[in-house]
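> Got a file for you: run.pdb, PDB, C-alpha atoms.
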```
ATOM      1  CA  MET C1352       3.766  -1.272  11.686
ATOM      2  CA  ALA C1353       2.531  -1.511   8.168
ATOM      3  CA  ALA C1354       2.164  -3.897   5.337
ATOM      4  CA  PRO C1355       4.662  -5.318   2.907
ATOM      5  CA  ALA C1356       2.207  -4.391   0.148
ATOM      6  CA  GLY C1357       3.005  -0.726   0.253
ATOM      7  CA  PRO C1358       3.922   1.440   3.182
ATOM      8  CA  VAL C1359       0.543   1.368   4.842
ATOM      9  CA  LEU C1360      -1.664  -1.675   5.325
ATOM     10  CA  PRO C1361      -3.179  -4.159   4.841
ATOM     11  CA  HIS C1362      -2.035  -6.665   2.250
ATOM     12  CA  GLY C1363      -3.450  -9.453   0.209
ATOM     13  CA  GLY C1364      -6.861  -9.237   1.845
ATOM     14  CA  ARG C1365      -5.665 -11.598   4.561
ATOM     15  CA  GLY C1366      -6.117  -9.187   7.419
ATOM     16  CA  ALA C1367      -2.504  -9.458   8.508
ATOM     17  CA  VAL C1368      -0.400  -6.461   9.468
ATOM     18  CA  PRO C1369       3.323  -6.971  10.081
ATOM     19  CA  ALA C1370       4.375  -6.242  13.620
ATOM     20  CA  SER C1371       6.736  -3.523  12.471
ATOM     21  CA  ARG C1372       8.585  -2.464   9.361
ATOM     22  CA  THR C1373      11.173  -5.152  10.115
ATOM     23  CA  GLY C1374       8.891  -7.682  11.771
ATOM     24  CA  ARG C1375      10.628  -6.965  15.074
ATOM     25  CA  GLY C1376       9.906  -4.815  18.060
ATOM     26  CA  VAL C1377       6.156  -5.303  18.239
ATOM     27  CA  ARG C1378       5.487  -8.970  18.061
ATOM     28  CA  PRO C1379       8.337 -11.338  17.313
ATOM     29  CA  ASP C1380       6.178 -14.264  16.160
ATOM     30  CA  GLY C1381       4.807 -12.645  13.016
ATOM     31  CA  PRO C1382       1.883 -10.560  11.840
ATOM     32  CA  LEU C1383      -1.021  -9.232  13.807
ATOM     33  CA  VAL C1384      -4.408 -10.426  12.608
ATOM     34  CA  VAL C1385      -6.739  -7.445  12.541
ATOM     35  CA  GLY C1386      -9.864  -8.748  10.850
ATOM     36  CA  HIS C1387     -11.867  -8.066   7.725
ATOM     37  CA  ALA C1388     -11.539  -5.243   5.223
ATOM     38  CA  LYS C1389     -13.608  -2.570   6.994
ATOM     39  CA  GLN C1390     -11.838  -3.212  10.278
ATOM     40  CA  ARG C1391      -8.488  -3.055   8.522
ATOM     41  CA  CYS C1392      -9.584   0.214   6.935
ATOM     42  CA  VAL C1393     -10.219   1.655  10.407
ATOM     43  CA  LEU C1394      -6.669   0.723  11.342
ATOM     44  CA  ALA C1395      -5.339   2.177   8.080
ATOM     45  CA  VAL C1396      -7.004   5.513   8.807
ATOM     46  CA  LEU C1397      -5.586   5.563  12.331
ATOM     47  CA  LEU C1398      -2.098   4.674  11.079
ATOM     48  CA  MET C1399      -2.159   7.385   8.444
ATOM     49  CA  ASP C1400      -2.903   9.857  11.252
ATOM     50  CA  ALA C1401      -0.786   8.082  13.891
ATOM     51  CA  GLY C1402      -0.381  10.156  17.017
ATOM     52  CA  ALA C1403      -3.340  12.405  16.208
ATOM     53  CA  VAL C1404      -6.972  12.224  17.245
ATOM     54  CA  VAL C1405      -9.210  11.084  14.412
ATOM     55  CA  PRO C1406     -12.833  12.117  14.995
ATOM     56  CA  ALA C1407     -15.342   9.271  14.944
ATOM     57  CA  ALA C1408     -17.280  11.040  12.193
ATOM     58  CA  GLY C1409     -14.098  11.236  10.110
ATOM     59  CA  LEU C1410     -13.417   7.540  10.589
ATOM     60  CA  ILE C1411     -16.922   6.654   9.499
ATOM     61  CA  ASP C1412     -16.648   8.867   6.432
ATOM     62  CA  ARG C1413     -13.283   7.436   5.357
ATOM     63  CA  VAL C1414     -14.242   3.815   5.976
ATOM     64  CA  TRP C1415     -17.787   3.788   4.567
ATOM     65  CA  GLY C1416     -18.012   6.939   2.458
ATOM     66  CA  ASN C1417     -21.594   7.780   1.562
ATOM     67  CA  ASP C1418     -22.918   4.368   2.579
ATOM     68  CA  PRO C1419     -22.434   3.981   6.343
ATOM     69  CA  PRO C1420     -24.227   1.078   8.019
ATOM     70  CA  ASP C1421     -27.106   1.535  10.406
ATOM     71  CA  GLY C1422     -25.707   2.287  13.835
ATOM     72  CA  ALA C1423     -22.338   3.225  12.331
ATOM     73  CA  LEU C1424     -21.024   4.553  15.651
ATOM     74  CA  ASN C1425     -21.719   1.239  17.354
ATOM     75  CA  VAL C1426     -20.146  -0.706  14.499
ATOM     76  CA  LEU C1427     -17.084   1.540  14.660
ATOM     77  CA  TYR C1428     -16.850   1.037  18.413
ATOM     78  CA  SER C1429     -16.905  -2.744  17.964
ATOM     79  CA  TYR C1430     -14.082  -2.527  15.422
ATOM     80  CA  VAL C1431     -12.046  -0.314  17.737
ATOM     81  CA  CYS C1432     -12.505  -2.766  20.605
ATOM     82  CA  ARG C1433     -11.232  -5.640  18.468
ATOM     83  CA  LEU C1434      -8.298  -3.608  17.197
ATOM     84  CA  ARG C1435      -7.452  -2.567  20.740
ATOM     85  CA  ARG C1436      -7.281  -6.221  21.783
ATOM     86  CA  ALA C1437      -5.086  -7.072  18.775
ATOM     87  CA  LEU C1438      -2.717  -4.153  19.247
ATOM     88  CA  GLY C1439      -2.483  -4.204  23.038
ATOM     89  CA  PRO C1440      -0.033  -7.132  23.315
ATOM     90  CA  ALA C1441       2.155  -5.364  20.762
ATOM     91  CA  GLY C1442       2.414  -2.325  23.016
ATOM     92  CA  VAL C1443       0.418  -0.033  20.725
ATOM     93  CA  PRO C1444      -2.370   1.683  22.673
ATOM     94  CA  LEU C1445      -5.523   2.636  20.817
ATOM     95  CA  LEU C1446      -6.947   5.411  22.952
ATOM     96  CA  ARG C1447     -10.359   7.015  23.209
ATOM     97  CA  ARG C1448     -10.205  10.782  23.097
ATOM     98  CA  SER C1449     -12.910  13.411  23.099
ATOM     99  CA  GLY C1450     -14.908  12.816  19.939
ATOM    100  CA  GLY C1451     -12.532  10.296  18.434
ATOM    101  CA  TYR C1452      -9.626   7.858  18.677
ATOM    102  CA  LEU C1453      -5.839   8.070  18.740
ATOM    103  CA  LEU C1454      -3.309   5.389  17.863
ATOM    104  CA  ASP C1455      -0.426   6.085  20.241
ATOM    105  CA  VAL C1456       2.513   4.783  18.215
ATOM    106  CA  ASP C1457       5.871   6.244  17.254
ATOM    107  CA  ARG C1458       5.354   7.427  13.690
ATOM    108  CA  ASP C1459       8.728   5.998  12.702
ATOM    109  CA  ARG C1460       7.281   2.539  13.312
ATOM    110  CA  VAL C1461       4.652   3.193  10.643
ATOM    111  CA  ASP C1462       6.153   2.574   7.222
ATOM    112  CA  VAL C1463       4.329   5.382   5.448
ATOM    113  CA  HIS C1464       5.689   7.951   7.894
ATOM    114  CA  ARG C1465       9.169   6.429   7.912
ATOM    115  CA  PHE C1466       9.101   6.444   4.097
ATOM    116  CA  ARG C1467       8.216  10.119   4.047
ATOM    117  CA  ARG C1468      10.858  11.017   6.623
ATOM    118  CA  LEU C1469      13.616   9.194   4.748
ATOM    119  CA  ALA C1470      12.565  10.819   1.488
ATOM    120  CA  ALA C1471      12.359  14.311   2.992
ATOM    121  CA  THR C1472      15.789  14.100   4.616
ATOM    122  CA  ALA C1473      17.656  12.243   1.853
ATOM    123  CA  ASP C1474      19.387  15.338   0.467
ATOM    124  CA  ALA C1475      21.070  15.925   3.824
ATOM    125  CA  ALA C1476      22.084  12.288   4.282
ATOM    126  CA  PRO C1477      25.736  11.221   3.829
ATOM    127  CA  ASP C1478      24.580   8.947   1.005
ATOM    128  CA  PRO C1479      21.352  10.330  -0.541
ATOM    129  CA  ALA C1480      20.938   7.353  -2.874
ATOM    130  CA  ALA C1481      21.129   4.928   0.050
ATOM    131  CA  ALA C1482      18.556   6.953   1.991
ATOM    132  CA  LEU C1483      16.193   6.944  -0.974
ATOM    133  CA  ASP C1484      16.784   3.213  -1.464
ATOM    134  CA  ALA C1485      15.913   2.660   2.195
ATOM    135  CA  ALA C1486      12.663   4.568   1.709
ATOM    136  CA  LEU C1487      11.760   2.574  -1.391
ATOM    137  CA  ALA C1488      12.645  -0.707   0.331
ATOM    138  CA  LEU C1489       9.640  -0.167   2.606
ATOM    139  CA  TRP C1490       7.417  -0.863  -0.391
ATOM    140  CA  GLY C1491       6.482  -4.366  -1.443
ATOM    141  CA  GLY C1492       3.379  -3.857  -3.541
ATOM    142  CA  THR C1493       0.241  -1.765  -3.724
ATOM    143  CA  ALA C1494      -0.640   0.334  -0.687
ATOM    144  CA  LEU C1495      -3.988  -0.434   0.974
ATOM    145  CA  SER C1496      -4.394  -3.517  -1.179
ATOM    146  CA  GLY C1497      -7.786  -5.089  -0.578
ATOM    147  CA  LEU C1498      -9.419  -1.899   0.656
ATOM    148  CA  ALA C1499     -12.173  -0.276  -1.395
ATOM    149  CA  GLY C1500     -13.858   3.100  -1.263
ATOM    150  CA  PRO C1501     -13.042   6.693  -2.200
ATOM    151  CA  TRP C1502     -10.698   7.360   0.738
ATOM    152  CA  ALA C1503      -8.621   4.225   0.204
ATOM    153  CA  GLY C1504      -8.457   4.836  -3.539
ATOM    154  CA  SER C1505      -7.369   8.444  -3.094
ATOM    155  CA  VAL C1506      -4.685   7.576  -0.525
ATOM    156  CA  ARG C1507      -3.461   4.694  -2.667
ATOM    157  CA  ALA C1508      -3.032   7.001  -5.688
ATOM    158  CA  THR C1509      -1.312   9.688  -3.601
ATOM    159  CA  LEU C1510       1.130   7.214  -2.102
ATOM    160  CA  ASP C1511       1.962   5.711  -5.468
ATOM    161  CA  ASP C1512       2.701   9.180  -6.818
ATOM    162  CA  GLU C1513       4.978   9.781  -3.823
ATOM    163  CA  ARG C1514       6.730   6.462  -4.461
ATOM    164  CA  VAL C1515       7.363   7.358  -8.103
ATOM    165  CA  ALA C1516       8.677  10.800  -7.116
ATOM    166  CA  VAL C1517      11.151   9.194  -4.701
ATOM    167  CA  LEU C1518      12.127   6.620  -7.308
ATOM    168  CA  MET C1519      12.841   9.406  -9.788
ATOM    169  CA  ALA C1520      14.882  11.313  -7.224
ATOM    170  CA  ARG C1521      16.905   8.176  -6.566
ATOM    171  CA  ASN C1522      17.467   7.695 -10.290
ATOM    172  CA  GLU C1523      18.633  11.296 -10.688
ATOM    173  CA  VAL C1524      21.238  10.805  -7.973
ATOM    174  CA  HIS C1525      22.651   7.743  -9.738
ATOM    175  CA  LEU C1526      22.563   9.365 -13.175
ATOM    176  CA  ALA C1527      24.295  12.489 -11.910
ATOM    177  CA  ALA C1528      26.983  10.323 -10.314
ATOM    178  CA  GLY C1529      27.635   8.455 -13.549
ATOM    179  CA  ARG C1530      25.946   5.211 -12.490
ATOM    180  CA  PRO C1531      23.303   4.621 -15.203
ATOM    181  CA  ALA C1532      23.455   0.847 -14.839
ATOM    182  CA  GLU C1533      22.094   1.250 -11.300
ATOM    183  CA  VAL C1534      18.768   2.526 -12.633
ATOM    184  CA  VAL C1535      18.082   0.651 -15.877
ATOM    185  CA  ARG C1536      16.377  -2.405 -14.405
ATOM    186  CA  VAL C1537      14.173  -0.506 -11.991
ATOM    187  CA  LEU C1538      13.261   1.994 -14.706
ATOM    188  CA  ARG C1539      12.310  -0.756 -17.125
ATOM    189  CA  ASP C1540       9.908  -2.074 -14.489
ATOM    190  CA  ALA C1541       8.598   1.409 -13.711
ATOM    191  CA  VAL C1542       7.969   2.240 -17.360
ATOM    192  CA  ALA C1543       6.221  -1.102 -17.869
ATOM    193  CA  ALA C1544       3.886  -0.165 -15.013
ATOM    194  CA  ARG C1545       3.475   3.465 -16.148
ATOM    195  CA  PRO C1546       4.132   3.473 -19.898
ATOM    196  CA  ASP C1547       2.664   6.947 -20.413
ATOM    197  CA  ASP C1548       4.727   8.641 -17.716
ATOM    198  CA  GLU C1549       7.175  10.536 -19.890
ATOM    199  CA  ARG C1550       9.308  11.532 -16.906
ATOM    200  CA  LEU C1551      10.161   7.865 -16.327
ATOM    201  CA  VAL C1552      10.631   7.192 -20.032
ATOM    202  CA  GLU C1553      13.021  10.162 -20.237
ATOM    203  CA  GLN C1554      15.129   8.793 -17.395
ATOM    204  CA  LEU C1555      15.156   5.324 -18.935
ATOM    205  CA  MET C1556      16.155   6.628 -22.361
ATOM    206  CA  LEU C1557      19.036   8.604 -20.864
ATOM    207  CA  ALA C1558      20.196   5.658 -18.738
ATOM    208  CA  LEU C1559      20.065   3.298 -21.717
ATOM    209  CA  TYR C1560      22.043   5.739 -23.862
ATOM    210  CA  ARG C1561      24.708   6.103 -21.194
ATOM    211  CA  CYS C1562      24.894   2.313 -20.921
ATOM    212  CA  GLY C1563      25.683   2.101 -24.641
ATOM    213  CA  LEU C1564      22.176   1.068 -25.693
ATOM    214  CA  PRO C1565      21.000   3.907 -27.943
ATOM    215  CA  ALA C1566      18.847   1.646 -30.125
ATOM    216  CA  GLU C1567      16.847   0.516 -27.119
ATOM    217  CA  ALA C1568      16.531   4.127 -25.987
ATOM    218  CA  ARG C1569      15.058   5.028 -29.383
ATOM    219  CA  ARG C1570      12.665   2.068 -29.163
ATOM    220  CA  GLN C1571      11.389   3.375 -25.854
ATOM    221  CA  TYR C1572      10.676   6.701 -27.508
ATOM    222  CA  ARG C1573       8.978   5.073 -30.477
ATOM    223  CA  ALA C1574       6.625   3.167 -28.173
ATOM    224  CA  VAL C1575       5.530   6.431 -26.552
ATOM    225  CA  ALA C1576       5.236   8.178 -29.906
ATOM    226  CA  ASP C1577       3.139   5.372 -31.387
ATOM    227  CA  ARG C1578       0.693   5.413 -28.471
ATOM    228  CA  ALA C1579       0.437   9.191 -28.656
ATOM    229  CA  ALA C1580      -0.112   9.111 -32.421
ATOM    230  CA  ALA C1581      -2.962   6.648 -31.986
ATOM    231  CA  GLU C1582      -4.669   9.358 -29.940
ATOM    232  CA  GLY C1583      -3.811  12.158 -32.351
ATOM    233  CA  ALA C1584      -1.066  13.533 -30.108
ATOM    234  CA  ALA C1585       2.720  13.541 -29.820
ATOM    235  CA  PRO C1586       5.278  13.063 -27.041
ATOM    236  CA  GLY C1587       6.131  16.103 -24.954
ATOM    237  CA  ARG C1588       8.869  18.511 -25.974
ATOM    238  CA  ARG C1589      11.425  17.245 -23.438
ATOM    239  CA  LEU C1590      11.100  13.687 -24.683
ATOM    240  CA  ARG C1591      11.241  14.766 -28.316
ATOM    241  CA  ASP C1592      14.355  16.842 -27.642
ATOM    242  CA  LEU C1593      16.062  13.973 -25.839
ATOM    243  CA  HIS C1594      15.239  11.595 -28.669
ATOM    244  CA  GLU C1595      16.743  14.002 -31.186
ATOM    245  CA  ARG C1596      19.910  14.380 -29.124
ATOM    246  CA  ILE C1597      20.224  10.595 -28.842
ATOM    247  CA  ARG C1598      19.695  10.284 -32.599
ATOM    248  CA  ARG C1599      22.514  12.807 -33.150
ATOM    249  CA  ALA C1600      24.700  11.143 -30.521
ATOM    250  CA  ASP C1601      25.059  14.443 -28.678
ATOM    251  CA  PRO C1602      28.352  14.043 -26.759
ATOM    252  CA  VAL C1603      27.016  16.089 -23.838
ATOM    253  CA  LEU C1604      24.498  13.338 -23.043
ATOM    254  CA  ALA C1605      27.286  10.904 -22.277
ATOM    255  CA  VAL C1606      28.509  12.868 -19.302
ATOM    256  CA  GLY C1607      26.046  15.630 -18.415
ATOM    257  CA  GLN C1608      22.404  16.238 -17.768
ATOM    258  CA  PRO C1609      20.017  16.680 -20.730
TER     259      PRO C1609
END
```
Would you put the structure from the file into structure tokens?

Amino acid sequence: MAAPAGPVLPHGGRGAVPASRTGRGVRPDGPLVVGHAKQRCVLAVLLMDAGAVVPAAGLIDRVWGNDPPDGALNVLYSYVCRLRRALGPAGVPLLRRSGGYLLDVDRDRVDVHRFRRLAATADAAPDPAAALDAALALWGGTALSGLAGPWAGSVRATLDDERVAVLMARNEVHLAAGRPAEVVRVLRDAVAARPDDERLVEQLMLALYRCGLPAEARRQYRAVADRAAAEGAAPGRRLRDLHERIRRADPVLAVGQP
């Protein structure tokens, strides 16, 4: 129960939330329509804390921040009633508890929690790369797309950082196993999205070198160095050292870790 645009919800501003991470098991005929942005934000907060009581005051603060509407408790109650009607046929109870509300759903049906579980247990999985790929496959865009406000922005940034950390862990598994070609495309996309993240650039440079593309690896470094120079800075030591080793064609880079 989450959105294809990231492992929470909603997506595209359309007010639709997929029935489950696979589209099955909650409602077989497609997404649940859960209303406008503020109402979707209420559901997002409840999903992030699935299985726990969220105090009404906490919901109001996360949804409206410092600008709650007049009669915020009544407005919140109306949103909860509508969400309860939308979620009921899907077998997801939205319960009133002392001082707040609880979304009674198996956390493994919520993509953000499934993503975190797969990532946390990947090292112990028979195939860690496959487990990390399964976690990343739950993403399809920006988390909480269409939701504004400090809470949504903070959660969105946190989740994107978690996604990048899992992506890097997945890349490390492939690089350590001698499969650099498995990471080049995804790293090119990641670096395009985060050009100043030297951790990603370092992985891409190493993968390119091991794929027999040292010139492209050096171009990636030069792009970082040029941006840094424009700000009176320089790339970090790790990236500089890797660039020098690529320039020297250090034979250890072909088979080992930098």
> List the residues sitting within 12 Å of (2.3, 6.1, -4.1) in the file's frame, using all atoms listed in the file, as a ChimeraX atom specification.
/C:1356-1359,1463,1466-1467,1486-1487,1489-1495,1503-1518
> Keeping only C-alpha atoms, write the selected residues to a file as a PDB file, keeping the file's coordinate frame.

```pdb
ATOM      1  CA  ALA C1356       2.207  -4.391   0.148  1.00  0.00           C
ATOM      2  CA  GLY C1357       3.005  -0.726   0.253  1.00  0.00           C
ATOM      3  CA  PRO C1358       3.922   1.440   3.182  1.00  0.00           C
ATOM      4  CA  VAL C1359       0.543   1.368   4.842  1.00  0.00           C
ATOM      5  CA  VAL C1463       4.329   5.382   5.448  1.00  0.00           C
ATOM      6  CA  PHE C1466       9.101   6.444   4.097  1.00  0.00           C
ATOM      7  CA  ARG C1467       8.216  10.119   4.047  1.00  0.00           C
ATOM      8  CA  ALA C1486      12.663   4.568   1.709  1.00  0.00           C
ATOM      9  CA  LEU C1487      11.760   2.574  -1.391  1.00  0.00           C
ATOM     10  CA  LEU C1489       9.640  -0.167   2.606  1.00  0.00           C
ATOM     11  CA  TRP C1490       7.417  -0.863  -0.391  1.00  0.00           C
ATOM     12  CA  GLY C1491       6.482  -4.366  -1.443  1.00  0.00           C
ATOM     13  CA  GLY C1492       3.379  -3.857  -3.541  1.00  0.00           C
ATOM     14  CA  THR C1493       0.241  -1.765  -3.724  1.00  0.00           C
ATOM     15  CA  ALA C1494      -0.640   0.334  -0.687  1.00  0.00           C
ATOM     16  CA  LEU C1495      -3.988  -0.434   0.974  1.00  0.00           C
ATOM     17  CA  ALA C1503      -8.621   4.225   0.204  1.00  0.00           C
ATOM     18  CA  GLY C1504      -8.457   4.836  -3.539  1.00  0.00           C
ATOM     19  CA  SER C1505      -7.369   8.444  -3.094  1.00  0.00           C
ATOM     20  CA  VAL C1506      -4.685   7.576  -0.525  1.00  0.00           C
ATOM     21  CA  ARG C1507      -3.461   4.694  -2.667  1.00  0.00           C
ATOM     22  CA  ALA C1508      -3.032   7.001  -5.688  1.00  0.00           C
ATOM     23  CA  THR C1509      -1.312   9.688  -3.601  1.00  0.00           C
ATOM     24  CA  LEU C1510       1.130   7.214  -2.102  1.00  0.00           C
ATOM     25  CA  ASP C1511       1.962   5.711  -5.468  1.00  0.00           C
ATOM     26  CA  ASP C1512       2.701   9.180  -6.818  1.00  0.00           C
ATOM     27  CA  GLU C1513       4.978   9.781  -3.823  1.00  0.00           C
ATOM     28  CA  ARG C1514       6.730   6.462  -4.461  1.00  0.00           C
ATOM     29  CA  VAL C1515       7.363   7.358  -8.103  1.00  0.00           C
ATOM     30  CA  ALA C1516       8.677  10.800  -7.116  1.00  0.00           C
ATOM     31  CA  VAL C1517      11.151   9.194  -4.701  1.00  0.00           C
ATOM     32  CA  LEU C1518      12.127   6.620  -7.308  1.00  0.00           C
TER      33      LEU C1518
END
```
> CA of Asp1540 (chain C) to CA of Ala1527 (chain C): how many Å, to one decimal?
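Interatomic distance, CA of Asp1540 (chain C) to CA of Ala1527 (chain C): 20.6 Å.
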> Running the PyMOL selection byres ((chain C and resi 1438-1452) around 6) on this model by hand, what would come out? Give it as a list of chain:residue names.
C:Val1377, C:Arg1378, C:Val1404, C:Val1405, C:Pro1406, C:Ala1407, C:Leu1434, C:Arg1435, C:Arg1436, C:Ala1437, C:Leu1453, C:Leu1454, C:Asp1455, C:Val1456
> CA of Ala1473 (chain C) and CA of Asp1459 (chain C), how far apart in Å?
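So the two atoms, CA of Asp1459 (chain C) and CA of Ala1473 (chain C), lie 15.4 Å apart.
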> Quick one: 4 Å padding each side, axis-aligned, all listed atoms of region 1491-1497 of chain C - centre and edge lengths in Å to one decimal, as lines of an AutoDock Vina configuration file?

```
center_x = -0.7
center_y = -2.4
center_z = -1.4
size_x = 22.3
size_y = 13.4
size_z = 12.7
```
> How would you write, as a list in words, the residues chosen by the PyMOL selection byres ((chain C and resi 1573-1581) around 10) on this structure?
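Written out, the selection comes to Pro1546, Asp1547, Asp1548, Glu1549, Val1552, Glu1567, Ala1568, Arg1569, Arg1570, Gln1571, Tyr1572, Glu1582, Gly1583, Ala1584, Ala1585, Pro1586, Gly1587, Leu1590, Arg1591 and His1594 of chain C.
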> One decimal, Å: what's the distance from CA of Gly1529 (chain C) over to CA of Leu1555 (chain C), could you say?
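Answer for the CA of Gly1529 (chain C) to CA of Leu1555 (chain C) separation: 13.9 Å.
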> List every protein, DNA or RNA residue with an atom no more than 12 Å from (19.5, 8.3, -0.4) in the file's coordinates, counting only C-alpha atoms, and format the result as a PyMOL selection string.
chain C and resi 1466+1468-1488+1517-1525
> Please write the residues from the selection above to a file, keeping C-alpha atoms, as a compact mmCIF listing (two decimals), in the frame of the given file.

```txt
# COMPACT_ATOMS: atom_id res chain seq x y z
CA PHE C 1466 9.10 6.44 4.10
CA ARG C 1468 10.86 11.02 6.62
CA LEU C 1469 13.62 9.19 4.75
CA ALA C 1470 12.56 10.82 1.49
CA ALA C 1471 12.36 14.31 2.99
CA THR C 1472 15.79 14.10 4.62
CA ALA C 1473 17.66 12.24 1.85
CA ASP C 1474 19.39 15.34 0.47
CA ALA C 1475 21.07 15.92 3.82
CA ALA C 1476 22.08 12.29 4.28
CA PRO C 1477 25.74 11.22 3.83
CA ASP C 1478 24.58 8.95 1.00
CA PRO C 1479 21.35 10.33 -0.54
CA ALA C 1480 20.94 7.35 -2.87
CA ALA C 1481 21.13 4.93 0.05
CA ALA C 1482 18.56 6.95 1.99
CA LEU C 1483 16.19 6.94 -0.97
CA ASP C 1484 16.78 3.21 -1.46
CA ALA C 1485 15.91 2.66 2.19
CA ALA C 1486 12.66 4.57 1.71
CA LEU C 1487 11.76 2.57 -1.39
CA ALA C 1488 12.64 -0.71 0.33
CA VAL C 1517 11.15 9.19 -4.70
CA LEU C 1518 12.13 6.62 -7.31
CA MET C 1519 12.84 9.41 -9.79
CA ALA C 1520 14.88 11.31 -7.22
CA ARG C 1521 16.90 8.18 -6.57
CA ASN C 1522 17.47 7.70 -10.29
CA GLU C 1523 18.63 11.30 -10.69
CA VAL C 1524 21.24 10.80 -7.97
CA HIS C 1525 22.65 7.74 -9.74
```
> Of the candidates C:Met1399, C:Lys1389, C:Leu1564, C:Pro1531, which one gets nearest to Pro1419 (chain C) if we count only C-alpha atoms?
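Looking at the shortest contact to Pro1419 (chain C), the residue is C:Lys1389.
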